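What follows is the content of start.cif, which has mmCIF, C-alpha atoms and all ligand atoms:
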data_final
loop_
_atom_site.label_atom_id
_atom_site.label_comp_id
_atom_site.auth_asym_id
_atom_site.auth_seq_id
_atom_site.Cartn_x
_atom_site.Cartn_y
_atom_site.Cartn_z
CA MET S 191 55.36 -59.62 38.83
CA SER S 192 53.70 -62.25 41.02
CA LYS S 193 50.02 -63.03 40.62
CA ILE S 194 47.78 -61.12 43.03
CA TYR S 195 45.39 -63.63 44.59
CA ASP S 196 42.05 -62.55 45.99
CA VAL S 197 42.73 -64.55 49.13
CA ILE S 198 45.85 -66.10 50.59
CA ILE S 199 45.20 -68.57 53.39
CA LEU S 200 48.03 -69.37 55.74
CA GLY S 201 47.65 -72.86 57.21
CA ALA S 202 45.89 -75.99 55.92
CA GLY S 203 44.15 -77.23 59.05
CA PRO S 204 40.36 -77.43 59.31
CA ALA S 205 40.05 -73.60 59.47
CA GLY S 206 42.32 -72.95 56.48
CA LEU S 207 40.87 -75.73 54.33
CA THR S 208 37.30 -74.66 55.06
CA ALA S 209 38.23 -71.08 54.22
CA GLY S 210 39.73 -72.43 50.98
CA LEU S 211 36.56 -74.35 50.18
CA TYR S 212 34.31 -71.31 50.77
CA ALA S 213 36.62 -68.85 49.01
CA GLY S 214 37.04 -71.17 46.01
CA ARG S 215 33.31 -71.75 45.85
CA SER S 216 32.80 -67.97 45.82
CA ARG S 217 35.01 -67.86 42.71
CA LEU S 218 37.81 -66.03 44.49
CA SER S 219 41.31 -66.86 43.30
CA THR S 220 42.65 -68.62 46.37
CA LEU S 221 46.05 -69.87 47.49
CA ILE S 222 46.52 -72.01 50.58
CA ILE S 223 50.09 -71.98 51.93
CA GLU S 224 51.13 -74.68 54.40
CA LYS S 225 54.60 -75.35 55.77
CA GLY S 226 54.10 -79.00 56.69
CA GLN S 227 51.43 -81.58 56.13
CA ASP S 228 47.76 -80.62 55.84
CA GLY S 229 45.64 -80.96 58.92
CA GLY S 230 47.40 -79.10 61.70
CA GLN S 231 46.57 -80.64 65.06
CA ILE S 232 44.04 -83.09 63.67
CA ALA S 233 46.63 -84.66 61.38
CA ILE S 234 48.02 -86.16 64.59
CA THR S 235 44.67 -87.05 66.16
CA ASP S 236 43.71 -90.67 66.15
CA GLU S 237 39.97 -90.50 66.54
CA ILE S 238 37.44 -87.80 65.68
CA GLU S 239 34.04 -88.52 67.15
CA ASN S 240 32.49 -85.11 67.71
CA TYR S 241 32.51 -83.50 64.28
CA PRO S 242 28.79 -83.24 63.41
CA GLY S 243 27.62 -85.92 61.04
CA GLN S 244 30.90 -87.78 61.52
CA MET S 245 29.69 -91.30 62.31
CA VAL S 246 32.11 -93.25 60.12
CA GLU S 247 33.55 -95.99 62.32
CA GLY S 248 37.23 -95.35 62.97
CA GLU S 249 37.35 -91.89 61.36
CA SER S 250 40.80 -90.49 62.07
CA GLY S 251 42.14 -86.96 61.83
CA PRO S 252 44.11 -87.74 58.65
CA SER S 253 41.12 -89.36 56.90
CA LEU S 254 38.85 -86.38 57.67
CA ILE S 255 41.50 -83.87 56.64
CA SER S 256 42.25 -85.62 53.36
CA ARG S 257 38.58 -85.23 52.37
CA MET S 258 38.69 -81.55 53.39
CA THR S 259 41.81 -81.06 51.23
CA GLU S 260 40.12 -82.71 48.23
CA GLN S 261 37.02 -80.57 48.70
CA ALA S 262 39.01 -77.31 48.79
CA LYS S 263 40.89 -78.40 45.64
CA LYS S 264 37.62 -79.32 43.92
CA PHE S 265 36.48 -75.71 44.27
CA GLY S 266 39.69 -74.37 42.77
CA ALA S 267 41.83 -73.45 45.78
CA GLU S 268 45.51 -73.75 44.90
CA ARG S 269 47.88 -75.29 47.42
CA CYS S 270 51.55 -74.53 47.95
CA SER S 271 54.17 -75.72 50.47
CA ASP S 272 56.33 -72.97 51.86
CA VAL S 273 57.49 -71.51 55.15
CA ILE S 274 56.53 -67.86 55.42
CA LYS S 275 59.31 -65.78 56.97
CA SER S 276 57.83 -62.27 56.91
CA VAL S 277 54.60 -60.49 56.08
CA GLU S 278 53.47 -57.00 55.06
CA LEU S 279 49.80 -56.75 55.90
CA GLU S 280 49.00 -53.05 55.57
CA GLY S 281 47.67 -51.63 52.29
CA ASP S 282 45.49 -53.02 49.51
CA VAL S 283 47.93 -55.73 48.47
CA LYS S 284 49.38 -57.89 51.25
CA LYS S 285 52.79 -59.48 50.77
CA LEU S 286 53.96 -62.79 52.27
CA VAL S 287 57.60 -63.68 51.84
CA GLY S 288 58.46 -67.37 52.03
CA ALA S 289 61.58 -69.49 51.69
CA LYS S 290 60.54 -70.34 48.11
CA GLY S 291 59.03 -67.05 46.91
CA GLU S 292 56.75 -64.07 47.45
CA TYR S 293 52.99 -64.25 47.49
CA LEU S 294 50.60 -61.33 46.98
CA GLY S 295 46.95 -61.19 47.99
CA LYS S 296 44.13 -58.71 48.45
CA CYS S 297 43.15 -60.52 51.64
CA VAL S 298 44.95 -62.81 54.04
CA ILE S 299 43.28 -65.40 56.25
CA ILE S 300 45.57 -66.50 59.06
CA ALA S 301 44.81 -70.07 60.13
CA THR S 302 48.20 -71.05 61.50
CA GLY S 303 46.89 -72.89 64.56
CA ALA S 304 49.02 -73.86 67.51
CA PHE S 305 51.83 -76.30 68.40
CA PRO S 306 52.21 -78.59 71.42
CA LYS S 307 53.66 -77.10 74.61
CA PRO S 308 56.86 -78.73 75.85
CA ILE S 309 56.60 -80.73 79.07
CA GLY S 310 59.02 -78.33 80.71
CA CYS S 311 61.38 -80.84 82.40
CA GLU S 312 65.16 -80.90 82.55
CA ASN S 313 66.83 -82.69 79.57
CA GLU S 314 63.60 -82.60 77.53
CA GLY S 315 65.33 -81.45 74.32
CA LYS S 316 67.90 -84.23 74.57
CA PHE S 317 65.24 -86.96 74.60
CA THR S 318 62.66 -85.49 72.24
CA GLY S 319 62.36 -88.07 69.47
CA LYS S 320 64.35 -90.51 71.65
CA GLY S 321 61.55 -91.50 73.97
CA ILE S 322 59.67 -88.21 74.31
CA SER S 323 56.93 -87.54 71.78
CA PHE S 324 54.02 -85.16 71.24
CA CYS S 325 52.15 -87.29 68.70
CA ALA S 326 50.64 -90.63 69.63
CA THR S 327 49.41 -91.33 66.10
CA CYS S 328 52.94 -90.84 64.79
CA ASP S 329 54.93 -92.69 67.45
CA ALA S 330 52.66 -95.16 69.29
CA SER S 331 53.89 -98.13 67.26
CA PHE S 332 57.47 -97.59 68.49
CA PHE S 333 56.24 -98.51 71.96
CA GLU S 334 54.49 -101.76 71.11
CA ASP S 335 54.50 -103.77 74.33
CA PHE S 336 56.57 -101.20 76.29
CA GLU S 337 55.50 -98.96 79.15
CA VAL S 338 54.37 -95.46 78.31
CA TYR S 339 53.68 -92.34 80.40
CA VAL S 340 51.45 -89.45 79.33
CA VAL S 341 51.67 -85.97 80.85
CA GLY S 342 48.44 -83.92 81.02
CA GLY S 343 44.86 -84.21 82.14
CA GLY S 344 42.84 -82.61 79.34
CA ASP S 345 40.92 -84.15 76.42
CA SER S 346 44.09 -84.63 74.37
CA ALA S 347 46.06 -86.37 77.11
CA VAL S 348 43.27 -88.77 78.01
CA GLU S 349 42.19 -89.58 74.44
CA GLU S 350 45.75 -90.09 73.27
CA ALA S 351 46.54 -92.18 76.37
CA MET S 352 43.61 -94.45 75.47
CA TYR S 353 44.94 -94.73 71.92
CA LEU S 354 48.36 -95.64 73.29
CA THR S 355 46.85 -98.53 75.28
CA LYS S 356 46.31 -100.27 71.93
CA PHE S 357 50.10 -100.52 71.60
CA ALA S 358 51.78 -100.19 74.98
CA ARG S 359 51.74 -102.82 77.72
CA LYS S 360 50.78 -100.22 80.33
CA VAL S 361 50.00 -96.50 80.07
CA THR S 362 50.20 -94.14 83.05
CA ILE S 363 48.79 -90.63 82.97
CA ILE S 364 50.82 -88.21 85.09
CA HIS S 365 48.64 -85.26 86.03
CA ARG S 366 49.53 -82.25 88.16
CA ARG S 367 46.16 -82.29 89.99
CA ASN S 368 44.00 -85.04 91.46
CA GLU S 369 41.20 -84.74 88.91
CA LEU S 370 41.13 -84.64 85.14
CA ARG S 371 40.15 -81.65 83.05
CA ALA S 372 38.97 -83.91 80.19
CA ALA S 373 35.26 -84.07 79.29
CA LYS S 374 33.29 -86.44 81.53
CA SER S 375 32.41 -88.74 78.62
CA ILE S 376 36.11 -89.16 77.84
CA GLN S 377 36.95 -89.72 81.53
CA GLU S 378 34.31 -92.45 81.80
CA LYS S 379 35.93 -94.42 78.99
CA ALA S 380 39.39 -93.86 80.47
CA PHE S 381 38.51 -95.10 83.96
CA LYS S 382 37.11 -98.31 82.42
CA ASN S 383 40.33 -99.01 80.50
CA PRO S 384 42.29 -101.70 82.41
CA LYS S 385 45.61 -100.74 80.79
CA LEU S 386 45.33 -97.12 81.88
CA HIS S 387 46.78 -95.99 85.24
CA PHE S 388 47.02 -92.61 86.95
CA MET S 389 49.69 -90.83 88.92
CA TRP S 390 47.98 -87.84 90.54
CA ASP S 391 49.39 -84.52 91.84
CA SER S 392 52.62 -85.18 89.97
CA VAL S 393 54.90 -83.46 87.47
CA VAL S 394 57.93 -84.73 85.55
CA VAL S 395 60.96 -82.69 86.56
CA ARG S 396 63.81 -84.50 84.80
CA VAL S 397 64.40 -87.18 82.20
CA ASP S 398 67.52 -89.33 81.73
CA GLY S 399 68.97 -92.22 79.80
CA ASP S 400 71.91 -93.10 77.58
CA GLU S 401 70.77 -92.86 73.96
CA LEU S 402 67.10 -93.45 74.71
CA LEU S 403 64.85 -92.34 77.55
CA SER S 404 65.07 -94.87 80.37
CA SER S 405 64.58 -92.94 83.59
CA MET S 406 62.68 -89.93 84.90
CA THR S 407 62.17 -88.05 88.12
CA VAL S 408 58.61 -87.24 89.11
CA LYS S 409 57.72 -84.77 91.86
CA ASN S 410 54.62 -84.95 93.99
CA VAL S 411 53.44 -81.32 94.01
CA LYS S 412 51.65 -81.71 97.35
CA THR S 413 54.41 -83.38 99.37
CA GLY S 414 57.46 -82.34 97.33
CA GLU S 415 58.56 -85.99 97.29
CA LEU S 416 60.76 -86.97 94.33
CA THR S 417 60.39 -90.45 92.78
CA THR S 418 62.68 -91.93 90.16
CA ILE S 419 60.99 -94.15 87.61
CA GLU S 420 63.33 -96.54 85.81
CA ALA S 421 62.56 -98.52 82.67
CA ASP S 422 61.93 -102.21 83.20
CA GLU S 423 65.31 -103.97 82.91
CA ASP S 424 64.20 -106.15 80.00
CA ASP S 425 62.76 -103.15 78.13
CA GLY S 426 65.63 -100.70 78.66
CA LEU S 427 63.40 -97.77 77.67
CA PHE S 428 59.92 -96.28 78.02
CA GLY S 429 57.89 -93.66 76.22
CA LEU S 430 56.84 -90.24 77.51
CA PHE S 431 54.14 -88.32 75.66
CA GLY S 432 53.32 -84.68 76.39
CA PHE S 433 49.78 -83.34 75.91
CA ILE S 434 49.60 -80.25 78.08
CA GLY S 435 48.05 -77.80 75.67
CA TYR S 436 49.28 -75.66 72.82
CA ASN S 437 51.12 -72.45 72.00
CA PRO S 438 49.80 -70.31 69.15
CA ASN S 439 51.77 -69.99 65.88
CA SER S 440 51.56 -66.22 65.82
CA SER S 441 55.12 -64.88 66.17
CA LEU S 442 55.10 -63.65 62.52
CA PHE S 443 52.36 -61.18 63.37
CA GLU S 444 53.70 -59.80 66.65
CA GLY S 445 53.52 -56.02 66.75
CA MET S 446 51.13 -55.94 63.76
CA LEU S 447 47.99 -57.63 65.01
CA ASP S 448 46.21 -57.23 68.32
CA MET S 449 46.75 -60.33 70.43
CA GLU S 450 46.02 -61.81 73.84
CA ASN S 451 48.56 -64.32 75.21
CA GLY S 452 49.80 -64.82 71.65
CA TYR S 453 46.33 -65.58 70.25
CA ILE S 454 45.01 -63.15 67.59
CA LYS S 455 42.03 -61.01 68.52
CA THR S 456 39.18 -60.84 66.01
CA ASP S 457 35.58 -59.70 66.02
CA ASP S 458 32.74 -62.21 65.48
CA ASN S 459 33.34 -61.93 61.74
CA MET S 460 37.03 -62.92 62.01
CA HIS S 461 38.30 -59.40 61.21
CA THR S 462 41.59 -58.52 62.83
CA ASN S 463 42.60 -54.91 63.48
CA ILE S 464 44.01 -54.65 59.90
CA PRO S 465 41.47 -54.35 57.06
CA GLY S 466 41.60 -57.35 54.71
CA VAL S 467 43.34 -59.53 57.30
CA PHE S 468 41.28 -62.23 58.98
CA ALA S 469 42.12 -64.96 61.48
CA ALA S 470 40.36 -68.31 61.86
CA GLY S 471 40.62 -71.44 64.01
CA ASP S 472 42.87 -72.18 66.98
CA ILE S 473 45.02 -69.08 66.39
CA ARG S 474 42.12 -66.82 67.50
CA VAL S 475 41.17 -65.74 70.98
CA LYS S 476 38.10 -67.97 71.52
CA SER S 477 36.41 -70.16 74.09
CA LEU S 478 36.33 -73.51 72.27
CA ARG S 479 39.08 -74.87 70.03
CA GLN S 480 37.58 -77.76 68.10
CA VAL S 481 37.44 -78.92 64.47
CA VAL S 482 33.84 -77.73 64.22
CA THR S 483 34.61 -74.23 65.50
CA ALA S 484 37.73 -73.99 63.31
CA ALA S 485 35.69 -74.96 60.25
CA ALA S 486 33.01 -72.41 61.15
CA ASP S 487 35.64 -69.67 61.56
CA GLY S 488 37.14 -70.56 58.18
CA ALA S 489 33.77 -70.31 56.44
CA ILE S 490 33.01 -66.93 58.03
CA ALA S 491 36.48 -65.56 57.26
CA ALA S 492 36.20 -66.55 53.58
CA MET S 493 32.76 -64.98 53.19
CA GLN S 494 33.98 -61.80 54.90
CA ALA S 495 36.97 -61.74 52.54
CA GLU S 496 34.51 -61.94 49.66
CA HIS S 497 32.56 -58.95 51.07
CA TYR S 498 35.79 -57.03 51.62
CA ILE S 499 36.91 -57.57 48.02
CA SER S 500 33.48 -56.68 46.55
CA ASN S 501 33.43 -53.42 48.51
CA HIS S 502 36.96 -52.34 47.62
P1 LIG L 601 43.94 -78.41 77.76
O1 LIG L 601 42.48 -78.66 77.74
O2 LIG L 601 44.44 -77.01 77.89
O3 LIG L 601 44.55 -79.31 78.92
C1 LIG L 601 45.91 -79.24 79.23
C2 LIG L 601 46.16 -80.20 80.36
O4 LIG L 601 47.56 -80.19 80.63
C3 LIG L 601 45.44 -79.82 81.64
O5 LIG L 601 44.98 -80.96 82.30
C4 LIG L 601 46.52 -79.10 82.43
O6 LIG L 601 46.40 -79.27 83.82
C5 LIG L 601 47.77 -79.81 81.98
N1 LIG L 601 48.91 -78.89 82.01
C6 LIG L 601 49.01 -77.64 81.48
N2 LIG L 601 50.24 -77.13 81.68
C7 LIG L 601 50.94 -78.06 82.35
C8 LIG L 601 52.26 -78.14 82.85
N3 LIG L 601 53.11 -77.13 82.67
N4 LIG L 601 52.64 -79.26 83.49
C9 LIG L 601 51.78 -80.29 83.66
N5 LIG L 601 50.51 -80.30 83.21
C10 LIG L 601 50.09 -79.20 82.57
O7 LIG L 601 44.67 -78.95 76.42
P2 LIG L 601 44.27 -80.15 75.44
O8 LIG L 601 43.86 -81.36 76.18
O9 LIG L 601 45.39 -80.25 74.49
O10 LIG L 601 43.01 -79.58 74.67
C11 LIG L 601 43.09 -78.33 73.95
C12 LIG L 601 41.71 -78.01 73.39
O11 LIG L 601 41.36 -78.98 72.40
C13 LIG L 601 40.61 -78.10 74.48
O12 LIG L 601 39.66 -77.10 74.21
C14 LIG L 601 40.03 -79.47 74.28
O13 LIG L 601 38.66 -79.55 74.70
C15 LIG L 601 40.16 -79.62 72.76
N6 LIG L 601 40.22 -81.06 72.43
C16 LIG L 601 39.04 -81.70 72.27
C17 LIG L 601 39.02 -83.05 71.96
C18 LIG L 601 37.71 -83.74 71.79
O14 LIG L 601 36.69 -83.11 72.06
N7 LIG L 601 37.65 -84.95 71.37
C19 LIG L 601 40.23 -83.76 71.84
C20 LIG L 601 41.43 -83.08 72.04
C21 LIG L 601 41.40 -81.72 72.37
P3 LIG L 601 45.21 -78.57 84.66
O15 LIG L 601 43.99 -79.40 84.37
O16 LIG L 601 45.71 -78.66 86.05
O17 LIG L 601 45.13 -77.16 84.17
#
Show me the file's structure as structure tokens.
Ligand code: NAP
Amino acid sequence: MSKIYDVIILGAGPAGLTAGLYAGRSRLSTLIIEKGQDGGQIAITDEIENYPGQMVEGESGPSLISRMTEQAKKFGAERCSDVIKSVELEGDVKKLVGAKGEYLGKCVIIATGAFPKPIGCENEGKFTGKGISFCATCDASFFEDFEVYVVGGGDSAVEEAMYLTKFARKVTIIHRRNELRAAKSIQEKAFKNPKLHFMWDSVVVRVDGDELLSSMTVKNVKTGELTTIEADEDDGLFGLFGFIGYNPNSSLFEGMLDMENGYIKTDDNMHTNIPGVFAAGDIRVKSLRQVVTAAADGAIAAMQAEHYISNH
């Protein structure tokens, strides 16, 4: 019979790792299950400058997350890599079934986060990984001295576009409106960057190329005009990065947990509609999805799990 953990945490981003730290520190037997690398969205974030107390020059998502992972481990949280395929959340013992085994816990904290939204243009699948990317930290170096386009106008698009200017010869943000959604402080930096250009009121409707992305059709949403952008002849290719928001990783819980647009509903104490099941971080319905709010959710969820176990 499998061990029954006090708490099983699904997802090792800032919410899950903070929950692991708090649960471990409360002497709860804790298992963190993650399907990929630790960190979630911040594992692919180049620069973190708004996590309180974070003033280390050049702090990146991966460097912050590796310290969070160490801290959770230090307090006894176990870590396992598996892809969970199904869950049974009702009852006193919750069951998670993964590709590698079954996991039992008195409580479950869901911190599965969200994944990047596709750009939504024709042929996107064909060129993903062959010119189209959703991770500047991972793929920027492939475009050293090439031209790069970034779709989106939020914090992610603008920050990642600025990061890309360290590699690419020229970076153009393609945004569907004529003003950015990104925070003003981020915009100020962007407008000062000489390698950063803007294509307003525009969306990418189609991408083309032989093996690699070398052409795309952009539509002006105000005039309907279609423009074809071809790679520079000497380059033969260009990069296209999508940063247009995220979709929640919640399909496992459909029909079990109350949700809004795929995000899990909780109360202020991270309780879902099932006793002993909590949600934390970007997967929740909330107004601000940041590392600091994810970490706060994780801490609250772990302490509520501790209360739940003590009162059962
Ligand atoms: P976001 O804030 O939701 O912005 C998405 C952007 O993509 C918007 O500009 C939106 O245009 C555009 N967009 C959405 N759907 C589109 C489509 N189908 N076609 C073309 N463009 C589309 O997403 P995000 O930038 O990924 O940020 C997510 C959250 O993380 C936010 O809360 C953000 O503040 C936070 N974040 C914070 C930081 C930081 O503080 N350093 C860094 C990264 C992310 P419209 O503007 O027209 O809607």
Hey, which residues come within 8 Å of ligand LIG 601 (chain L) if we count only C-alpha atoms and all ligand atoms? Could you give them as a VMD selection string?
-> chain S and resid 235 237 to 240 306 to 310 341 to 349 365 to 367 369 to 373 376 393 to 394 433 to 436 477 to 480
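The coordinates place atom CA of Met446 of chain S at 23.8 Å from atom CA of Gly210 of chain S.
If you look at atom CA of Val411 of chain S and atom CA of Glu450 of chain S, they are 29.0 Å away from each other.
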Write out as a PyMOL selection string which residues come within 6 Å of Ala489 of chain S when counting only C-alpha atoms, dropping same-chain ones fewer than 5 positions away.
-> chain S and resi 208-209+212
Please provide as number ranges by chain all residues within 6 Å of segment 415-426 of chain S, with the sequence filter that same-chain residues fewer than 6 positions apart are discarded (counting all atoms listed in the file).
-> S: 404-409
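Each of S:Leu286, S:Leu403, S:Ile364, S:Leu279 was checked against Gly315 of chain S using only C-alpha atoms; the smallest atom-to-atom distance is that of S:Leu403.
Of note, atom CA of Glu292 of chain S and atom CA of Ile194 of chain S are spaced 10.4 Å apart.
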List the neighbours of Leu221 of chain S out to 12 Å using all atoms listed in the file; skip same-chain residues closer than 3 positions along the sequence, and give me the result as a PyMOL selection string.
-> chain S and resi 193-202+206-207+209-211+213-214+218+224+262-263+265-272+286+293-299
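Between Met460 of chain S and the candidates S:Val246, S:Ala233, S:Ile473, S:Cys325, the tightest atom-to-atom separation, counting only C-alpha atoms, involves S:Ile473.
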Considering all atoms listed in the file, return as a compact mmCIF listing (two decimals) with C-alpha atoms, keeping the file's coordinate frame whatever protein or nucleic-acid residues lie within 9 Å of Ser276 of chain S, sequence-local ones (same chain, fewer than 2 positions apart) excluded.
# COMPACT_ATOMS: atom_id res chain seq x y z
CA ILE S 274 56.53 -67.86 55.42
CA GLU S 278 53.47 -57.00 55.06
CA LYS S 285 52.79 -59.48 50.77
CA LEU S 286 53.96 -62.79 52.27
CA VAL S 287 57.60 -63.68 51.84
CA GLY S 288 58.46 -67.37 52.03
CA LEU S 442 55.10 -63.65 62.52
CA PHE S 443 52.36 -61.18 63.37
Residues of segment 294-339 of chain S within 10 Å of segment 351-363 of chain S: nearest atom pair and distance (Å, one decimal) for each, counting all atoms listed in the file, sorted by chain and number, as a Markdown table?
| residue | atom | partner | partner_atom | distance |
| --- | --- | --- | --- | --- |
| S:Ala326 | CA | S:Leu354 | CA | 6.6 |
| S:Thr327 | CA | S:Tyr353 | CA | 8.1 |
| S:Asp329 | CA | S:Leu354 | CA | 9.3 |
| S:Ala330 | CA | S:Leu354 | CA | 5.9 |
| S:Ser331 | CA | S:Phe357 | CA | 6.2 |
| S:Phe332 | CA | S:Phe357 | CA | 8.5 |
| S:Phe333 | CA | S:Ala358 | CA | 5.6 |
| S:Glu334 | CA | S:Phe357 | CA | 4.6 |
| S:Asp335 | CA | S:Arg359 | CA | 4.5 |
| S:Phe336 | CA | S:Ala358 | CA | 5.1 |
| S:Glu337 | CA | S:Lys360 | CA | 5.0 |
| S:Val338 | CA | S:Val361 | CA | 4.8 |
| S:Tyr339 | CA | S:Thr362 | CA | 4.7 |
Which one is closest to Gly466 of chain S: S:Glu350, S:Glu378, S:Asp391, S:Glu280? Count all atoms listed in the file.
-> S:Glu280
Excluding Gly321 of chain S and its own-chain neighbours fewer than 5 positions away, which residues fall within 9 Å of it when counting all atoms listed in the file? Please give them as a PDB file with C-alpha atoms, in the frame of the given file.
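What landed in around-v6.pdb:
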ATOM      1  CA  LEU S 402      67.100 -93.450  74.710  1.00  0.00           C
ATOM      2  CA  LEU S 403      64.850 -92.340  77.550  1.00  0.00           C
ATOM      3  CA  SER S 404      65.070 -94.870  80.370  1.00  0.00           C
ATOM      4  CA  LEU S 427      63.400 -97.770  77.670  1.00  0.00           C
ATOM      5  CA  PHE S 428      59.920 -96.280  78.020  1.00  0.00           C
ATOM      6  CA  GLY S 429      57.890 -93.660  76.220  1.00  0.00           C
ATOM      7  CA  LEU S 430      56.840 -90.240  77.510  1.00  0.00           C
ATOM      8  CA  PHE S 431      54.140 -88.320  75.660  1.00  0.00           C
TER       9      PHE S 431
END
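Take the candidates S:Gly230, S:Gly251, S:Gly432, S:Pro242 and check each one against Ile322 of chain S using only C-alpha atoms; the shortest distance goes to S:Gly432.
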With all atoms listed in the file as the basis for distance, which of S:Asp457, S:Ala380, S:Pro465, S:Arg217 is at the shortest distance from Asn501 of chain S?
-> S:Pro465
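Distances to Ala469 of chain S were evaluated for S:Val395, S:Ile234, S:Ala491, S:Met258 using all atoms listed in the file, and the minimum falls at S:Ala491.
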Give the centre and edge lengths of an axis-aligned box, in Å to one decimal, that holds all listed atoms of segment 349-365 of chain S with 5 Å on each side, as lines of an AutoDock Vina configuration file.
center_x = 47.0
center_y = -94.0
center_z = 78.8
size_x = 19.6
size_y = 27.6
size_z = 24.4
